[in-house]
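Here is the structure we will look at, set down as structure tokens.
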Amino acid sequence: MTSVKYVGFVVGSTRTTRLGPFITKYLQEKMAPHCRSAQFSTVDLATFPLPLYDEPVMPGKQPAEDPTPHYEHNFTRQWSAEVLKYDALVFVTPQYNWSVPAGLKNALDYLYHEWKGKPAGIVSYGGRGGDKAATHLRDILNGLRMQVLTAAPALSTSSTMLPYIVEHGAVSDEDKARWEASGANLNVENLAQELAQKLSLV
């Protein structure tokens with residue numbers, strides 16, 4: 001019997017009003033049928049208020065087997081313990097000025113062993129899909145020695161998307177139809193299947 005694997009979906013935006021949590025929920029719904037032995041959780045960076053990187057010892061210098069208690073700050077220990085829960089991570093990132101949000105980069109920089117070796121999926125979103133953010137994030141995750149998956153869905157957003165989500169609390173059928181027509185949804189399924197294979201869920 002396949003053991004349960006734990007997958008954290010990291011919401012990369014920390015803005016007060018944002019698309020990230022709702023796109024993340026949509027992705028979990030689309031990917032779940034392909035990862036039936038996985039348990040999905042949302043890791044919202046907005047609930048981990050990390051200041052700009054502020055640890056006296058580089059994360060890579062911490063003990064690889066149990067880094068959490070060795071960090072100086074409690075907020076780092078909490079963040080470390082959260083990331084250690086997961087067998088794989090899916091990063092859901094908007095594109096800010098052709099790259100990833102500063103909060104996401106900062107959260108990644110706080111840790112090293114907690115990321116190392118784990119499968120990592122990338123889903124970007126933005127007016128043109130966020131490809132530049134995905135490219136930068138891939139380089140960062142490779143630097144952290146994660147196993148970055150090949151499929152990288154890029155979800156285009158529209159001017160009506162945020163107002164709709166604020167009012168209805170979900171992605172609209174219109175946006176879902178656009179992603180279906182563009183082939184983005186197929187790429188989400190490809191990501192899910194690749195993740196399942198990497199975690200030996202198939």
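Residues are referred to by chain and number: the chain letter is A, B, ... according to the order shown in the structure tokens, the number counts from 1 in that chain, and ligands are numbered separately from 1 in the order shown.
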### Message
Taking the DSSP secondary structure from the backbone, can you list the residues of range 50-148 of chain A that are alpha helix (DSSP H), as an MDAnalysis selection string?
### Response
chainID A and resid 74:84 102:109 131:143
### Message
I want to know what sits within 7 Å of range 3-13 of chain A, based on only C-alpha atoms, with residues of the same chain fewer than 3 positions away left out; could you give that as a list of chain:residue names?
### Response
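Here the answer would be A:Gly20, A:Pro21, A:Thr24, A:Ser37, A:Ala38, A:Gln39, A:Phe40, A:Ser41, A:Thr42, A:Val43, A:Asp44, A:Leu45, A:Tyr86, A:Asp87, A:Ala88, A:Leu89, A:Val90, A:Phe91, A:Val92, A:Thr93, A:Pro94, A:Pro101, A:Leu104.
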Residues at most 12 Å from Ser172 in chain A, counting only C-alpha atoms, excluding those fewer than 2 positions away in the same chain, as a CSV table (one decimal) with all heavy atoms, in the first residue's frame?
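Output contents, as saved in result_25.csv:
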```csv
chain,number,residue,atom,x,y,z
A,19,LEU,N,-4.9,37.2,-5.3
A,19,LEU,CA,-5.4,36.0,-6.0
A,19,LEU,C,-4.9,34.7,-5.4
A,19,LEU,O,-5.5,33.7,-5.6
A,19,LEU,CB,-5.1,36.1,-7.5
A,19,LEU,CG,-5.6,37.4,-8.2
A,19,LEU,CD1,-5.0,37.4,-9.6
A,19,LEU,CD2,-7.1,37.3,-8.3
A,22,PHE,N,-6.8,31.7,-3.7
A,22,PHE,CA,-7.9,31.2,-4.5
A,22,PHE,C,-7.4,30.4,-5.7
A,22,PHE,O,-8.0,29.3,-6.0
A,22,PHE,CB,-8.8,32.3,-4.9
A,22,PHE,CG,-9.4,33.1,-3.8
A,22,PHE,CD1,-8.7,34.3,-3.4
A,22,PHE,CD2,-10.4,32.6,-3.0
A,22,PHE,CE1,-9.2,35.0,-2.3
A,22,PHE,CE2,-10.9,33.4,-1.9
A,22,PHE,CZ,-10.3,34.5,-1.6
A,23,ILE,N,-6.3,30.8,-6.3
A,23,ILE,CA,-5.7,30.0,-7.3
A,23,ILE,C,-5.1,28.8,-6.7
A,23,ILE,O,-5.2,27.7,-7.3
A,23,ILE,CB,-4.6,30.9,-8.0
A,23,ILE,CG1,-5.2,32.0,-8.8
A,23,ILE,CG2,-3.7,30.0,-8.9
A,23,ILE,CD1,-4.2,32.9,-9.5
A,26,TYR,N,-7.9,26.3,-6.3
A,26,TYR,CA,-8.3,25.7,-7.6
A,26,TYR,C,-7.2,24.7,-8.0
A,26,TYR,O,-7.6,23.6,-8.5
A,26,TYR,CB,-8.3,26.9,-8.6
A,26,TYR,CG,-8.5,26.4,-10.0
A,26,TYR,CD1,-9.8,26.0,-10.4
A,26,TYR,CD2,-7.5,26.4,-10.9
A,26,TYR,CE1,-10.0,25.5,-11.7
A,26,TYR,CE2,-7.7,26.0,-12.2
A,26,TYR,CZ,-8.9,25.5,-12.6
A,26,TYR,OH,-9.1,25.1,-13.9
A,157,THR,N,-4.1,36.0,-15.9
A,157,THR,CA,-5.1,36.7,-15.1
A,157,THR,C,-5.7,37.8,-16.0
A,157,THR,O,-5.2,38.2,-17.0
A,157,THR,CB,-4.5,37.3,-13.9
A,157,THR,OG1,-3.5,38.3,-14.2
A,157,THR,CG2,-3.9,36.2,-13.0
A,158,SER,N,-6.9,38.3,-15.5
A,158,SER,CA,-7.6,39.3,-16.2
A,158,SER,C,-7.9,40.5,-15.3
A,158,SER,O,-7.8,40.3,-14.0
A,158,SER,CB,-8.9,38.7,-16.8
A,158,SER,OG,-9.8,38.4,-15.8
A,160,THR,N,-10.7,41.6,-14.5
A,160,THR,CA,-12.0,41.3,-13.7
A,160,THR,C,-11.8,40.2,-12.7
A,160,THR,O,-12.7,40.0,-11.9
A,160,THR,CB,-13.1,40.9,-14.6
A,160,THR,OG1,-12.7,39.7,-15.3
A,160,THR,CG2,-13.4,42.0,-15.7
A,161,MET,N,-10.6,39.6,-12.7
A,161,MET,CA,-10.4,38.4,-11.8
A,161,MET,C,-10.4,38.8,-10.3
A,161,MET,O,-11.1,38.1,-9.5
A,161,MET,CB,-9.1,37.7,-12.2
A,161,MET,CG,-9.0,36.3,-11.6
A,161,MET,SD,-7.5,35.5,-12.3
A,161,MET,CE,-7.7,33.9,-11.4
A,162,LEU,N,-9.7,39.8,-9.9
A,162,LEU,CA,-9.6,40.1,-8.5
A,162,LEU,C,-10.9,40.6,-8.0
A,162,LEU,O,-11.4,40.1,-6.9
A,162,LEU,CB,-8.5,41.1,-8.3
A,162,LEU,CG,-8.2,41.5,-6.8
A,162,LEU,CD1,-7.9,40.2,-6.0
A,162,LEU,CD2,-7.1,42.5,-6.7
A,163,PRO,N,-11.6,41.5,-8.7
A,163,PRO,CA,-12.9,41.9,-8.2
A,163,PRO,C,-13.9,40.8,-8.0
A,163,PRO,O,-14.7,40.7,-7.0
A,163,PRO,CB,-13.4,42.9,-9.2
A,163,PRO,CG,-12.2,43.4,-9.8
A,163,PRO,CD,-11.2,42.3,-9.9
A,164,TYR,N,-13.9,39.8,-9.0
A,164,TYR,CA,-14.8,38.7,-8.9
A,164,TYR,C,-14.4,37.8,-7.7
A,164,TYR,O,-15.3,37.4,-6.9
A,164,TYR,CB,-14.7,37.8,-10.2
A,164,TYR,CG,-15.6,36.7,-10.2
A,164,TYR,CD1,-16.9,36.8,-10.8
A,164,TYR,CD2,-15.3,35.4,-9.6
A,164,TYR,CE1,-17.8,35.7,-10.8
A,164,TYR,CE2,-16.2,34.4,-9.5
A,164,TYR,CZ,-17.4,34.5,-10.1
A,164,TYR,OH,-18.3,33.5,-10.1
A,165,ILE,N,-13.2,37.6,-7.4
A,165,ILE,CA,-12.7,36.7,-6.3
A,165,ILE,C,-13.1,37.4,-5.0
A,165,ILE,O,-13.5,36.7,-4.0
A,165,ILE,CB,-11.2,36.4,-6.4
A,165,ILE,CG1,-11.0,35.3,-7.4
A,165,ILE,CG2,-10.6,36.1,-5.1
A,165,ILE,CD1,-9.6,34.9,-7.7
A,166,VAL,N,-12.9,38.7,-4.9
A,166,VAL,CA,-13.2,39.4,-3.7
A,166,VAL,C,-14.7,39.3,-3.4
A,166,VAL,O,-15.1,39.1,-2.2
A,166,VAL,CB,-12.9,40.9,-3.8
A,166,VAL,CG1,-13.5,41.7,-2.6
A,166,VAL,CG2,-11.3,41.1,-3.8
A,167,GLU,N,-15.5,39.3,-4.4
A,167,GLU,CA,-17.0,39.2,-4.2
A,167,GLU,C,-17.5,37.8,-4.0
A,167,GLU,O,-18.3,37.6,-3.1
A,167,GLU,CB,-17.7,39.8,-5.4
A,167,GLU,CG,-19.2,39.8,-5.3
A,167,GLU,CD,-20.0,40.5,-6.5
A,167,GLU,OE1,-19.3,41.0,-7.3
A,167,GLU,OE2,-21.2,40.4,-6.5
A,168,HIS,N,-16.9,36.9,-4.7
A,168,HIS,CA,-17.5,35.5,-4.7
A,168,HIS,C,-16.6,34.5,-4.0
A,168,HIS,O,-17.0,33.4,-3.7
A,168,HIS,CB,-17.7,35.0,-6.2
A,168,HIS,CG,-18.7,35.9,-6.9
A,168,HIS,ND1,-20.0,35.8,-6.8
A,168,HIS,CD2,-18.4,36.9,-7.8
A,168,HIS,CE1,-20.6,36.6,-7.6
A,168,HIS,NE2,-19.7,37.3,-8.2
A,169,GLY,N,-15.3,34.8,-3.7
A,169,GLY,CA,-14.5,33.9,-3.0
A,169,GLY,C,-14.0,32.7,-3.7
A,169,GLY,O,-13.7,31.7,-3.1
A,170,ALA,N,-14.0,32.8,-5.1
A,170,ALA,CA,-13.6,31.6,-5.9
A,170,ALA,C,-13.2,32.1,-7.3
A,170,ALA,O,-13.6,33.2,-7.7
A,170,ALA,CB,-14.7,30.6,-6.0
A,174,GLU,N,-15.4,31.8,-16.1
A,174,GLU,CA,-14.7,32.5,-17.2
A,174,GLU,C,-13.2,32.3,-17.2
A,174,GLU,O,-12.6,32.0,-18.2
A,174,GLU,CB,-15.1,34.0,-17.2
A,174,GLU,CG,-14.5,34.8,-18.4
A,174,GLU,CD,-14.8,36.2,-18.3
A,174,GLU,OE1,-15.7,36.6,-17.6
A,174,GLU,OE2,-14.1,37.0,-19.0
A,175,ASP,N,-12.6,32.5,-16.0
A,175,ASP,CA,-11.2,32.3,-15.9
A,175,ASP,C,-10.8,30.8,-16.1
A,175,ASP,O,-9.8,30.5,-16.8
A,175,ASP,CB,-10.7,32.8,-14.6
A,175,ASP,CG,-10.7,34.3,-14.5
A,175,ASP,OD1,-10.1,34.9,-15.4
A,175,ASP,OD2,-11.2,34.8,-13.5
A,176,LYS,N,-11.6,29.9,-15.6
A,176,LYS,CA,-11.4,28.5,-15.8
A,176,LYS,C,-11.4,28.1,-17.2
A,176,LYS,O,-10.6,27.3,-17.7
A,176,LYS,CB,-12.4,27.7,-15.0
A,176,LYS,CG,-12.2,27.8,-13.5
A,176,LYS,CD,-13.3,27.0,-12.7
A,176,LYS,CE,-13.3,27.2,-11.2
A,176,LYS,NZ,-14.4,26.5,-10.6
A,177,ALA,N,-12.4,28.7,-17.9
A,177,ALA,CA,-12.6,28.4,-19.4
A,177,ALA,C,-11.4,28.9,-20.2
A,177,ALA,O,-10.9,28.3,-21.1
A,177,ALA,CB,-13.9,29.0,-19.9
A,178,ARG,N,-10.9,30.1,-19.8
A,178,ARG,CA,-9.7,30.6,-20.5
A,178,ARG,C,-8.5,29.7,-20.3
A,178,ARG,O,-7.7,29.5,-21.2
A,178,ARG,CB,-9.4,32.1,-20.0
A,178,ARG,CG,-8.3,32.8,-20.8
A,178,ARG,CD,-8.1,34.2,-20.3
A,178,ARG,NE,-7.5,34.3,-19.0
A,178,ARG,CZ,-8.3,34.6,-17.9
A,178,ARG,NH1,-9.5,34.9,-18.0
A,178,ARG,NH2,-7.7,34.7,-16.7
A,179,TRP,N,-8.3,29.2,-19.1
A,179,TRP,CA,-7.1,28.4,-18.8
A,179,TRP,C,-7.3,27.0,-19.5
A,179,TRP,O,-6.3,26.5,-20.0
A,179,TRP,CB,-7.0,28.1,-17.3
A,179,TRP,CG,-6.7,29.4,-16.5
A,179,TRP,CD1,-6.1,30.5,-17.0
A,179,TRP,CD2,-6.9,29.6,-15.1
A,179,TRP,NE1,-6.0,31.5,-16.0
A,179,TRP,CE2,-6.5,30.9,-14.9
A,179,TRP,CE3,-7.5,28.9,-14.1
A,179,TRP,CZ2,-6.5,31.5,-13.6
A,179,TRP,CZ3,-7.5,29.4,-12.8
A,179,TRP,CH2,-7.1,30.7,-12.6
```
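As for CA of Trp98 in chain A and CA of Lys132 in chain A, they are spaced 5.3 Å apart.
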### Task
With a distance cut-off of 10 Å and only C-alpha atoms, select the neighbouring residues of Thr135 in chain A, excluding the residue or stretch itself and same-chain residues fewer than 2 positions from it, and output the selection as a PyMOL selection string.
chain A and resi 98-100+122+124+130-133+137-140+152
Deliver the residues from the most recent selection as a file, using all heavy atoms, as an mmCIF file, in the first residue's frame.
```cif
data_model
loop_
_atom_site.group_PDB
_atom_site.id
_atom_site.type_symbol
_atom_site.label_atom_id
_atom_site.label_comp_id
_atom_site.auth_asym_id
_atom_site.auth_seq_id
_atom_site.Cartn_x
_atom_site.Cartn_y
_atom_site.Cartn_z
ATOM 1 N N TRP A 98 8.726 41.258 -13.246
ATOM 2 C CA TRP A 98 9.488 40.236 -13.971
ATOM 3 C C TRP A 98 10.181 39.234 -13.053
ATOM 4 O O TRP A 98 11.100 38.538 -13.467
ATOM 5 C CB TRP A 98 10.499 40.866 -14.932
ATOM 6 C CG TRP A 98 9.895 41.536 -16.120
ATOM 7 C CD1 TRP A 98 8.586 41.935 -16.262
ATOM 8 C CD2 TRP A 98 10.537 41.889 -17.329
ATOM 9 N NE1 TRP A 98 8.372 42.520 -17.474
ATOM 10 C CE2 TRP A 98 9.568 42.513 -18.167
ATOM 11 C CE3 TRP A 98 11.833 41.763 -17.805
ATOM 12 C CZ2 TRP A 98 9.865 42.984 -19.444
ATOM 13 C CZ3 TRP A 98 12.123 42.249 -19.074
ATOM 14 C CH2 TRP A 98 11.159 42.842 -19.874
ATOM 15 N N SER A 99 9.757 39.144 -11.805
ATOM 16 C CA SER A 99 10.361 38.175 -10.903
ATOM 17 C C SER A 99 9.339 37.752 -9.857
ATOM 18 O O SER A 99 8.144 38.022 -9.992
ATOM 19 C CB SER A 99 11.618 38.763 -10.242
ATOM 20 O OG SER A 99 12.334 37.757 -9.549
ATOM 21 N N VAL A 100 9.828 37.070 -8.811
ATOM 22 C CA VAL A 100 8.953 36.597 -7.738
ATOM 23 C C VAL A 100 8.810 37.674 -6.670
ATOM 24 O O VAL A 100 9.650 38.569 -6.563
ATOM 25 C CB VAL A 100 9.513 35.310 -7.096
ATOM 26 C CG1 VAL A 100 9.585 34.195 -8.118
ATOM 27 C CG2 VAL A 100 10.887 35.555 -6.474
ATOM 28 N N ILE A 122 6.239 24.425 -9.739
ATOM 29 C CA ILE A 122 6.097 25.875 -9.894
ATOM 30 C C ILE A 122 4.838 26.155 -10.704
ATOM 31 O O ILE A 122 4.666 25.617 -11.808
ATOM 32 C CB ILE A 122 7.309 26.491 -10.609
ATOM 33 C CG1 ILE A 122 8.595 26.283 -9.796
ATOM 34 C CG2 ILE A 122 7.080 27.984 -10.879
ATOM 35 C CD1 ILE A 122 9.859 26.702 -10.532
ATOM 36 N N SER A 124 2.904 29.707 -11.928
ATOM 37 C CA SER A 124 2.963 31.169 -11.921
ATOM 38 C C SER A 124 1.655 31.738 -12.467
ATOM 39 O O SER A 124 0.902 31.059 -13.162
ATOM 40 C CB SER A 124 4.139 31.663 -12.774
ATOM 41 O OG SER A 124 3.986 31.255 -14.130
ATOM 42 N N GLY A 130 3.100 34.972 -16.134
ATOM 43 C CA GLY A 130 4.157 34.973 -15.133
ATOM 44 C C GLY A 130 5.366 34.113 -15.455
ATOM 45 O O GLY A 130 6.048 33.633 -14.542
ATOM 46 N N ASP A 131 5.669 33.926 -16.739
ATOM 47 C CA ASP A 131 6.784 33.058 -17.120
ATOM 48 C C ASP A 131 8.132 33.527 -16.573
ATOM 49 O O ASP A 131 8.987 32.714 -16.214
ATOM 50 C CB ASP A 131 6.874 32.954 -18.644
ATOM 51 C CG ASP A 131 5.753 32.113 -19.234
ATOM 52 O OD1 ASP A 131 5.251 31.232 -18.523
ATOM 53 O OD2 ASP A 131 5.390 32.339 -20.408
ATOM 54 N N LYS A 132 8.328 34.833 -16.517
ATOM 55 C CA LYS A 132 9.618 35.347 -16.036
ATOM 56 C C LYS A 132 9.800 35.044 -14.542
ATOM 57 O O LYS A 132 10.904 34.708 -14.095
ATOM 58 C CB LYS A 132 9.737 36.843 -16.311
ATOM 59 C CG LYS A 132 9.921 37.185 -17.787
ATOM 60 C CD LYS A 132 10.075 38.673 -18.009
ATOM 61 C CE LYS A 132 10.470 38.972 -19.458
ATOM 62 N NZ LYS A 132 9.452 38.502 -20.426
ATOM 63 N N ALA A 133 8.726 35.142 -13.775
ATOM 64 C CA ALA A 133 8.793 34.767 -12.364
ATOM 65 C C ALA A 133 9.117 33.287 -12.225
ATOM 66 O O ALA A 133 9.926 32.894 -11.379
ATOM 67 C CB ALA A 133 7.478 35.089 -11.665
ATOM 68 N N LEU A 137 12.305 31.680 -10.341
ATOM 69 C CA LEU A 137 12.062 30.769 -9.234
ATOM 70 C C LEU A 137 12.734 29.418 -9.488
ATOM 71 O O LEU A 137 13.278 28.805 -8.557
ATOM 72 C CB LEU A 137 10.561 30.594 -9.009
ATOM 73 C CG LEU A 137 10.152 29.728 -7.818
ATOM 74 C CD1 LEU A 137 10.787 30.214 -6.529
ATOM 75 C CD2 LEU A 137 8.627 29.701 -7.682
ATOM 76 N N ARG A 138 12.722 28.960 -10.712
ATOM 77 C CA ARG A 138 13.385 27.698 -11.035
ATOM 78 C C ARG A 138 14.872 27.777 -10.689
ATOM 79 O O ARG A 138 15.442 26.843 -10.107
ATOM 80 C CB ARG A 138 13.189 27.362 -12.523
ATOM 81 C CG ARG A 138 13.838 26.046 -12.955
ATOM 82 C CD ARG A 138 13.466 25.731 -14.399
ATOM 83 N NE ARG A 138 12.044 25.487 -14.523
ATOM 84 C CZ ARG A 138 11.468 24.315 -14.343
ATOM 85 N NH1 ARG A 138 12.201 23.256 -14.011
ATOM 86 N NH2 ARG A 138 10.170 24.167 -14.483
ATOM 87 N N ASP A 139 15.507 28.889 -11.032
ATOM 88 C CA ASP A 139 16.928 29.055 -10.706
ATOM 89 C C ASP A 139 17.157 29.027 -9.187
ATOM 90 O O ASP A 139 18.109 28.418 -8.694
ATOM 91 C CB ASP A 139 17.455 30.375 -11.277
ATOM 92 C CG ASP A 139 17.625 30.336 -12.787
ATOM 93 O OD1 ASP A 139 17.672 29.226 -13.354
ATOM 94 O OD2 ASP A 139 17.716 31.414 -13.400
ATOM 95 N N ILE A 140 16.276 29.701 -8.443
ATOM 96 C CA ILE A 140 16.401 29.748 -6.981
ATOM 97 C C ILE A 140 16.253 28.350 -6.388
ATOM 98 O O ILE A 140 17.048 27.916 -5.539
ATOM 99 C CB ILE A 140 15.356 30.702 -6.374
ATOM 100 C CG1 ILE A 140 15.613 32.142 -6.829
ATOM 101 C CG2 ILE A 140 15.369 30.619 -4.841
ATOM 102 C CD1 ILE A 140 14.436 33.076 -6.580
ATOM 103 N N ALA A 152 5.422 23.483 -15.712
ATOM 104 C CA ALA A 152 5.320 24.738 -14.954
ATOM 105 C C ALA A 152 4.141 25.541 -15.490
ATOM 106 O O ALA A 152 4.314 26.452 -16.315
ATOM 107 C CB ALA A 152 6.614 25.538 -15.064
#
```
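Closest to Pro33 in chain A among A:Ala46, A:Phe75, A:Leu201, A:Pro153 is A:Leu201, based on only C-alpha atoms.
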### Task
Determine which residues of range 139-169 of chain A DSSP labels as strand (DSSP E or B) from the backbone of this structure, then write them out as a ChimeraX atom specification.
/A:147-148,154-156
Go ahead and write the residues just picked, all heavy atoms, as an mmCIF file, in the first residue's frame.
```cif
data_model
loop_
_atom_site.group_PDB
_atom_site.id
_atom_site.type_symbol
_atom_site.label_atom_id
_atom_site.label_comp_id
_atom_site.auth_asym_id
_atom_site.auth_seq_id
_atom_site.Cartn_x
_atom_site.Cartn_y
_atom_site.Cartn_z
ATOM 1 N N GLN A 147 14.360 19.230 -6.319
ATOM 2 C CA GLN A 147 14.115 18.518 -7.569
ATOM 3 C C GLN A 147 12.967 19.235 -8.296
ATOM 4 O O GLN A 147 11.795 18.929 -8.076
ATOM 5 C CB GLN A 147 13.738 17.064 -7.291
ATOM 6 C CG GLN A 147 14.792 16.276 -6.536
ATOM 7 C CD GLN A 147 14.344 14.853 -6.280
ATOM 8 O OE1 GLN A 147 13.914 14.133 -7.190
ATOM 9 N NE2 GLN A 147 14.408 14.433 -5.028
ATOM 10 N N VAL A 148 13.315 20.184 -9.128
ATOM 11 C CA VAL A 148 12.299 21.022 -9.763
ATOM 12 C C VAL A 148 11.630 20.253 -10.898
ATOM 13 O O VAL A 148 12.298 19.752 -11.808
ATOM 14 C CB VAL A 148 12.911 22.333 -10.280
ATOM 15 C CG1 VAL A 148 11.815 23.249 -10.810
ATOM 16 C CG2 VAL A 148 13.702 23.027 -9.178
ATOM 17 N N ALA A 154 1.433 28.185 -16.353
ATOM 18 C CA ALA A 154 1.407 29.651 -16.283
ATOM 19 C C ALA A 154 -0.035 30.095 -16.523
ATOM 20 O O ALA A 154 -0.562 29.925 -17.622
ATOM 21 C CB ALA A 154 2.341 30.261 -17.318
ATOM 22 N N LEU A 155 -0.667 30.638 -15.487
ATOM 23 C CA LEU A 155 -2.083 30.996 -15.547
ATOM 24 C C LEU A 155 -2.238 32.493 -15.797
ATOM 25 O O LEU A 155 -1.790 33.308 -14.987
ATOM 26 C CB LEU A 155 -2.770 30.609 -14.238
ATOM 27 C CG LEU A 155 -2.624 29.146 -13.813
ATOM 28 C CD1 LEU A 155 -3.321 28.924 -12.477
ATOM 29 C CD2 LEU A 155 -3.168 28.199 -14.870
ATOM 30 N N SER A 156 -2.861 32.831 -16.894
ATOM 31 C CA SER A 156 -3.079 34.247 -17.202
ATOM 32 C C SER A 156 -4.204 34.795 -16.338
ATOM 33 O O SER A 156 -5.181 34.108 -16.031
ATOM 34 C CB SER A 156 -3.427 34.420 -18.679
ATOM 35 O OG SER A 156 -4.642 33.750 -18.985
#
```
### Query
Looking at only C-alpha atoms, which of A:Leu186, A:Ala196, A:Val171, A:Ala151 is the one that sits closest to Arg18 in chain A?
A:Val171
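When only C-alpha atoms are used to measure the gap to Asn185 in chain A, the shortest distance among A:Val123, A:Ser159, A:Val57, A:His113 belongs to A:Val123.
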